[in-house]
Amino acid sequence: MKINEEVAGLLEKVREKGPLVHHLTNYVTVNDCANITLAIGASPVMADDINEVKDMVSLASALVINIGTLNSRTVEAMLEAGKKANELGIPVVLDPVGAGATPYRTEVAKRILENIKLSVVRGNISEIKVLYGIDTITKGVDAAEIIAADSDKLAEEKEFAKAVAKKLNTVIAITGAVDIITDGEKLYTIENGHKIMSKVTGTGCMCTSLIGSYLGAGEDYLLAALSGVVSMGIAGEKANEKVEAEDLGTGSLKVYILDEIYKLNEETLLSRGKIYE
Amino acid sequence: MKINEEVAGLLEKVREKGPLVHHLTNYVTVNDCANITLAIGASPVMADDINEVKDMVSLASALVINIGTLNSRTVEAMLEAGKKANELGIPVVLDPVGAGATPYRTEVAKRILENIKLSVVRGNISEIKVLYGIDTITKGVDAAEIIAADSDKLAEEKEFAKAVAKKLNTVIAITGAVDIITDGEKLYTIENGHKIMSKVTGTGCMCTSLIGSYLGAGEDYLLAALSGVVSMGIAGEKANEKVEAEDLGTGSLKVYILDEIYKLNEETLLSRGKIYE
Amino acid sequence: MKINEEVAGLLEKVREKGPLVHHLTNYVTVNDCANITLAIGASPVMADDINEVKDMVSLASALVINIGTLNSRTVEAMLEAGKKANELGIPVVLDPVGAGATPYRTEVAKRILENIKLSVVRGNISEIKVLYGIDTITKGVDAAEIIAADSDKLAEEKEFAKAVAKKLNTVIAITGAVDIITDGEKLYTIENGHKIMSKVTGTGCMCTSLIGSYLGAGEDYLLAALSGVVSMGIAGEKANEKVEAEDLGTGSLKVYILDEIYKLNEETLLSRGKIYE
């Protein structure tokens, strides 16, 4: 498929350029986010103090904002960093972790949306609904409604995703059993990945860091989002195959996901990528 | 043994219900705590900002408070979350990491004891002595007096554990070479685990997260504490067997502990659990 | 080589004494720092609140200060802890992560240098140049100029390292393709390690924690710095051999580095250590 070749081309660019990806992220999965950023070929930096975020983001090729463990100190730093990134034309990806779970979290997500021009937002369907303004109950940060693979529901979700992308004027990546990526006009679905990935914390956060890495290497936000999601999906399903073959569990799964991102190449992307228009 | 069957029954309930376990914990082992919570079948959330802890705990089935890297911001959030949990009847487990090491840490542990009704407290013998009011020198957070397996000393520790449970009106789980779990009346010892587990940071914290996961699925606090401790012990000894067989080390040990918790089932609990009344 | 035997002797002392190593460090790699400290045979504690750092460092045999994710709260705690360590004669090692990347980071590194007597500073060449007062652009925290293996450049770097050590009155460890360790008079180079180590976050931080562990067990700062660097280098190259043989990636590399530090012994140090005067 032509689109898989484009993803492979962008991966090549990440590895050539080694873009610096500035993260303001949570302390639960931050180590995995840094390591997956290195594994794909980019370079992470995790500074979050208000005294240095503007200087740090100025050195970066992309900014990742992840509200997994937000607090009043870091929220202000996120806003500062995001505004500076906008000023300099540096792409920003938002991971609205747990939006909807608490009023504070929802409010912070909305403040970010109102104050920062985002290139991509990646979340699960519940989080994205909250950003759109639909009341939904998010149960914590790891649980989420799953996008059904059945065709009626999926058609509905696709229309919803397009509407969000248009309203928020950004690329939307909704990840679940089937992933949906759209800029409001063009839309792709991806059918890679495996449900065991939800049993490791941070597979969503890591996917967002991959999107940040791809954003740092090219101009096409939709392609960057698509590349991050398909890379994570392929790594997850390959890692799961090893875990099953060796009768292991979710500790090994995380290690193997990082291994597979490090080893990801054009051949694997072309043979494994299940991207549909 | 009948008690092993009860543990297996509670594990089954965890996996059916997938309880949300809210953690206010340290930034050293937080990722492992989240992953072990997922591995056992529960769902972790790690929010610690005072603006959202009350809302978040309201969604949860259990609360874990771990003072490993306490600071003035998070201590207030711990107290708020704990009081809200008490109001709503949500069980709370405390891990008094390093109590006794510094006056501040001891004082915070005592403030938590005075302000929050705890369902379970899990710690090593030094930490539990500090909570009881015995002056003891805790050397950092990973080192601790070991409960001796010799019978005189053990008999003394068992009486001590009962006295603490009665005084603090909570289930006490003291982990060491032999683990002691008691509600002040009924008392169990557990002889699973392996000493190499003390060479991985967070095996105590992870055990506390497992207790939190079990607390979220049932009503019996003593059984939940017992289930967490025996699950961790079995996972640790199975992981160590693999590490020895494959000539590996403590990096692999942690990965395999998570794997073994993910794979834990009734058969393993019945054949491996060394729980004694 | 005689020096390798001295390193092996110091490793033995770490394992006998199990020194407590107090860390004020970043939240990205803190778990790996704790685990590598345990793996080498020491005992980590990560307290960073201003209310307890002085008490905690008083219990410790060495202090590690790492500015990877500094913020205004922890910077003050670093200064308090460092001053207390100086008062008590407890050795201090500084990891000036990302010095030069932002003015704030450079300023904090300099405040630490001015207020705390350091036993060892470990960084990459860019970071050390910033401490010396040479303007350099540090791109984030993981990227750095590499010390070239070609002889002219290396000779120049060696003279520079001696000058820094003299000016700052501390042992300097500059890690890169070739590592340079000097107290300003005596100088060693180390040629262990593998370039893949830069694809795992925290290999520098972990090296600093190893230096802290060795500092906690002996009096000779130069030997402690040398021991930390050569231990990390050997572990990294052995881990990489396994990763290549098993066709794995950087997720496994980190796990194996911890394994190799846990298994490190005199025989491996004598047969593998490439330390040159």
# chains A, B, ... in the order shown; residues from 1 in each chain; ligands from 1
$ residues_around --residues "Ser209 in chain A" --least-positions-apart "5" --cutoff "8 Å" --atoms "only C-alpha atoms" --output "PyMOL selection string"
chain A and resi 33-34+36-37+64+228
$ residues_around --residues "Ser227 in chain C" --least-positions-apart "4" --cutoff "10 Å" --atoms "only C-alpha atoms" --output "mmCIF file with all heavy atoms, in the first residue's frame"
data_model
loop_
_atom_site.group_PDB
_atom_site.id
_atom_site.type_symbol
_atom_site.label_atom_id
_atom_site.label_comp_id
_atom_site.auth_asym_id
_atom_site.auth_seq_id
_atom_site.Cartn_x
_atom_site.Cartn_y
_atom_site.Cartn_z
ATOM 1 N N ILE C 3 45.053 -1.762 38.495
ATOM 2 C CA ILE C 3 43.902 -0.888 38.748
ATOM 3 C C ILE C 3 42.585 -1.671 38.721
ATOM 4 O O ILE C 3 41.676 -1.411 39.519
ATOM 5 C CB ILE C 3 43.896 0.324 37.770
ATOM 6 C CG1 ILE C 3 42.810 1.329 38.151
ATOM 7 C CG2 ILE C 3 43.731 -0.127 36.330
ATOM 8 C CD1 ILE C 3 43.073 2.044 39.430
ATOM 9 N N ASN C 4 42.511 -2.665 37.826
ATOM 10 C CA ASN C 4 41.298 -3.499 37.782
ATOM 11 C C ASN C 4 41.101 -4.254 39.093
ATOM 12 O O ASN C 4 39.966 -4.457 39.543
ATOM 13 C CB ASN C 4 41.371 -4.514 36.634
ATOM 14 C CG ASN C 4 41.241 -3.834 35.279
ATOM 15 O OD1 ASN C 4 41.490 -2.630 35.165
ATOM 16 N ND2 ASN C 4 40.864 -4.590 34.269
ATOM 17 N N GLU C 6 42.020 -3.151 41.960
ATOM 18 C CA GLU C 6 41.525 -2.175 42.941
ATOM 19 C C GLU C 6 40.020 -1.946 42.785
ATOM 20 O O GLU C 6 39.301 -1.818 43.778
ATOM 21 C CB GLU C 6 42.279 -0.847 42.796
ATOM 22 C CG GLU C 6 43.712 -0.937 43.282
ATOM 23 C CD GLU C 6 44.431 0.404 43.177
ATOM 24 O OE1 GLU C 6 43.819 1.450 43.471
ATOM 25 O OE2 GLU C 6 45.613 0.405 42.777
ATOM 26 N N VAL C 7 39.566 -1.913 41.551
ATOM 27 C CA VAL C 7 38.121 -1.775 41.315
ATOM 28 C C VAL C 7 37.397 -2.988 41.914
ATOM 29 O O VAL C 7 36.388 -2.837 42.626
ATOM 30 C CB VAL C 7 37.809 -1.651 39.805
ATOM 31 C CG1 VAL C 7 36.299 -1.705 39.560
ATOM 32 C CG2 VAL C 7 38.400 -0.356 39.235
ATOM 33 N N ALA C 8 37.913 -4.166 41.662
ATOM 34 C CA ALA C 8 37.290 -5.381 42.192
ATOM 35 C C ALA C 8 37.263 -5.360 43.721
ATOM 36 O O ALA C 8 36.283 -5.792 44.347
ATOM 37 C CB ALA C 8 38.034 -6.624 41.691
ATOM 38 N N GLY C 9 38.333 -4.826 44.305
ATOM 39 C CA GLY C 9 38.378 -4.715 45.762
ATOM 40 C C GLY C 9 37.294 -3.774 46.282
ATOM 41 O O GLY C 9 36.641 -4.038 47.306
ATOM 42 N N LEU C 10 37.075 -2.679 45.558
ATOM 43 C CA LEU C 10 36.068 -1.714 45.991
ATOM 44 C C LEU C 10 34.656 -2.289 45.808
ATOM 45 O O LEU C 10 33.766 -2.054 46.635
ATOM 46 C CB LEU C 10 36.229 -0.388 45.232
ATOM 47 C CG LEU C 10 35.401 0.794 45.752
ATOM 48 C CD1 LEU C 10 35.659 1.080 47.231
ATOM 49 C CD2 LEU C 10 35.660 2.052 44.923
ATOM 50 N N LEU C 11 34.456 -3.046 44.722
ATOM 51 C CA LEU C 11 33.157 -3.715 44.518
ATOM 52 C C LEU C 11 32.853 -4.635 45.708
ATOM 53 O O LEU C 11 31.735 -4.648 46.236
ATOM 54 C CB LEU C 11 33.167 -4.521 43.207
ATOM 55 C CG LEU C 11 31.942 -5.399 42.957
ATOM 56 C CD1 LEU C 11 30.665 -4.575 42.877
ATOM 57 C CD2 LEU C 11 32.122 -6.213 41.658
ATOM 58 N N CYS C 207 25.066 5.394 35.686
ATOM 59 C CA CYS C 207 26.516 5.420 35.912
ATOM 60 C C CYS C 207 26.819 6.288 37.132
ATOM 61 O O CYS C 207 27.627 5.917 37.991
ATOM 62 C CB CYS C 207 27.209 5.943 34.659
ATOM 63 S SG CYS C 207 28.990 5.959 34.798
ATOM 64 N N LEU C 210 26.032 4.468 40.240
ATOM 65 C CA LEU C 210 27.093 3.497 40.548
ATOM 66 C C LEU C 210 28.276 4.199 41.213
ATOM 67 O O LEU C 210 28.845 3.697 42.187
ATOM 68 C CB LEU C 210 27.550 2.772 39.283
ATOM 69 C CG LEU C 210 26.547 1.794 38.677
ATOM 70 C CD1 LEU C 210 27.105 1.197 37.384
ATOM 71 C CD2 LEU C 210 26.189 0.677 39.665
ATOM 72 N N ILE C 211 28.633 5.365 40.691
ATOM 73 C CA ILE C 211 29.721 6.129 41.320
ATOM 74 C C ILE C 211 29.349 6.454 42.772
ATOM 75 O O ILE C 211 30.155 6.298 43.691
ATOM 76 C CB ILE C 211 30.027 7.422 40.522
ATOM 77 C CG1 ILE C 211 30.592 7.069 39.135
ATOM 78 C CG2 ILE C 211 30.998 8.323 41.290
ATOM 79 C CD1 ILE C 211 30.755 8.267 38.190
ATOM 80 N N SER C 213 27.435 4.749 44.687
ATOM 81 C CA SER C 213 27.519 3.498 45.457
ATOM 82 C C SER C 213 28.967 3.196 45.844
ATOM 83 O O SER C 213 29.254 2.807 46.985
ATOM 84 C CB SER C 213 26.955 2.335 44.636
ATOM 85 O OG SER C 213 25.603 2.590 44.285
ATOM 86 N N TYR C 214 29.867 3.374 44.894
ATOM 87 C CA TYR C 214 31.291 3.138 45.195
ATOM 88 C C TYR C 214 31.823 4.190 46.173
ATOM 89 O O TYR C 214 32.616 3.875 47.062
ATOM 90 C CB TYR C 214 32.120 3.141 43.903
ATOM 91 C CG TYR C 214 32.027 1.878 43.080
ATOM 92 C CD1 TYR C 214 31.392 1.854 41.847
ATOM 93 C CD2 TYR C 214 32.586 0.672 43.534
ATOM 94 C CE1 TYR C 214 31.311 0.692 41.074
ATOM 95 C CE2 TYR C 214 32.518 -0.496 42.774
ATOM 96 C CZ TYR C 214 31.881 -0.485 41.545
ATOM 97 O OH TYR C 214 31.810 -1.637 40.804
ATOM 98 N N LEU C 215 31.383 5.432 46.026
ATOM 99 C CA LEU C 215 31.805 6.491 46.958
ATOM 100 C C LEU C 215 31.408 6.146 48.389
ATOM 101 O O LEU C 215 32.106 6.509 49.343
ATOM 102 C CB LEU C 215 31.153 7.834 46.587
ATOM 103 C CG LEU C 215 31.759 8.637 45.448
ATOM 104 C CD1 LEU C 215 30.852 9.824 45.119
ATOM 105 C CD2 LEU C 215 33.171 9.122 45.774
ATOM 106 N N TYR C 221 38.139 8.947 45.968
ATOM 107 C CA TYR C 221 37.125 9.434 45.020
ATOM 108 C C TYR C 221 37.454 9.081 43.571
ATOM 109 O O TYR C 221 36.560 8.777 42.787
ATOM 110 C CB TYR C 221 36.959 10.954 45.150
ATOM 111 C CG TYR C 221 36.555 11.431 46.519
ATOM 112 C CD1 TYR C 221 36.746 12.765 46.890
ATOM 113 C CD2 TYR C 221 35.959 10.573 47.454
ATOM 114 C CE1 TYR C 221 36.363 13.229 48.140
ATOM 115 C CE2 TYR C 221 35.584 11.031 48.713
ATOM 116 C CZ TYR C 221 35.791 12.350 49.052
ATOM 117 O OH TYR C 221 35.423 12.804 50.284
ATOM 118 N N LEU C 222 38.732 9.165 43.220
ATOM 119 C CA LEU C 222 39.122 8.860 41.842
ATOM 120 C C LEU C 222 38.814 7.395 41.531
ATOM 121 O O LEU C 222 38.247 7.072 40.480
ATOM 122 C CB LEU C 222 40.614 9.157 41.650
ATOM 123 C CG LEU C 222 41.163 8.976 40.244
ATOM 124 C CD1 LEU C 222 40.505 9.922 39.250
ATOM 125 C CD2 LEU C 222 42.693 9.201 40.219
ATOM 126 N N LEU C 223 39.146 6.530 42.457
ATOM 127 C CA LEU C 223 38.870 5.098 42.260
ATOM 128 C C LEU C 223 37.360 4.836 42.185
ATOM 129 O O LEU C 223 36.902 4.009 41.386
ATOM 130 C CB LEU C 223 39.486 4.269 43.407
ATOM 131 C CG LEU C 223 39.271 2.760 43.313
ATOM 132 C CD1 LEU C 223 39.949 2.173 42.078
ATOM 133 C CD2 LEU C 223 39.776 2.048 44.580
ATOM 134 N N SER C 231 32.327 -0.193 35.471
ATOM 135 C CA SER C 231 31.255 -1.164 35.736
ATOM 136 C C SER C 231 30.122 -0.985 34.739
ATOM 137 O O SER C 231 29.613 -1.949 34.163
ATOM 138 C CB SER C 231 30.707 -0.987 37.159
ATOM 139 O OG SER C 231 31.728 -1.203 38.116
ATOM 140 N N MET C 232 29.738 0.266 34.535
ATOM 141 C CA MET C 232 28.652 0.551 33.593
ATOM 142 C C MET C 232 29.058 0.157 32.179
ATOM 143 O O MET C 232 28.259 -0.412 31.435
ATOM 144 C CB MET C 232 28.324 2.052 33.656
ATOM 145 C CG MET C 232 27.049 2.418 32.950
ATOM 146 S SD MET C 232 25.588 1.725 33.830
ATOM 147 C CE MET C 232 24.362 1.900 32.534
ATOM 148 N N GLY C 233 30.281 0.455 31.810
ATOM 149 C CA GLY C 233 30.753 0.125 30.463
ATOM 150 C C GLY C 233 30.744 -1.370 30.205
ATOM 151 O O GLY C 233 30.282 -1.848 29.156
ATOM 152 N N LEU C 269 35.558 -8.170 35.934
ATOM 153 C CA LEU C 269 36.299 -6.903 35.959
ATOM 154 C C LEU C 269 37.728 -7.094 35.455
ATOM 155 O O LEU C 269 38.240 -6.285 34.678
ATOM 156 C CB LEU C 269 36.317 -6.314 37.371
ATOM 157 C CG LEU C 269 35.019 -5.639 37.820
ATOM 158 C CD1 LEU C 269 35.028 -5.401 39.330
ATOM 159 C CD2 LEU C 269 34.802 -4.313 37.081
ATOM 160 N N GLY C 273 37.825 -5.288 31.904
ATOM 161 C CA GLY C 273 38.080 -3.857 32.141
ATOM 162 C C GLY C 273 39.174 -3.304 31.242
ATOM 163 O O GLY C 273 40.285 -3.833 31.213
ATOM 164 N N ILE C 275 40.944 -0.239 31.215
ATOM 165 C CA ILE C 275 41.318 1.012 31.858
ATOM 166 C C ILE C 275 42.770 1.330 31.510
ATOM 167 O O ILE C 275 43.644 0.467 31.658
ATOM 168 C CB ILE C 275 41.193 0.882 33.398
ATOM 169 C CG1 ILE C 275 39.794 0.405 33.795
ATOM 170 C CG2 ILE C 275 41.540 2.205 34.075
ATOM 171 C CD1 ILE C 275 39.642 0.093 35.278
#
$ interface_residues --of "chain B" --to "chain C" --cutoff "8 Å" --atoms "only C-alpha atoms" --output "JSON, numbers by chain"
{"B": [27, 28, 29, 68, 69, 70, 71, 72, 101, 102, 103, 104, 105, 139, 140, 141, 142, 143, 199, 200, 201, 248, 249, 250, 251, 252]}
$ closest_residue --among "A:Glu12, A:Glu246, A:Glu156, A:Glu191" --to "Leu226 in chain A" --atoms "only C-alpha atoms"
A:Glu191
$ select_by_dssp --residues "range 10-67 of chain C" --states "strand (DSSP E)" --output "PyMOL selection string"
chain C and resi 20-24+43-45+62-66
$ atom_distance --atom1 "CA of Glu277 in chain A" --atom2 "CA of Gly202 in chain A"
27.3 Å
$ atom_distance --atom1 "CA of Val97 in chain A" --atom2 "CA of Val130 in chain A"
11.0 Å
$ closest_residue --among "A:Ala245, A:Thr106, A:Gly212, A:Met197" --to "Ser119 in chain A" --atoms "only C-alpha atoms"
A:Gly212
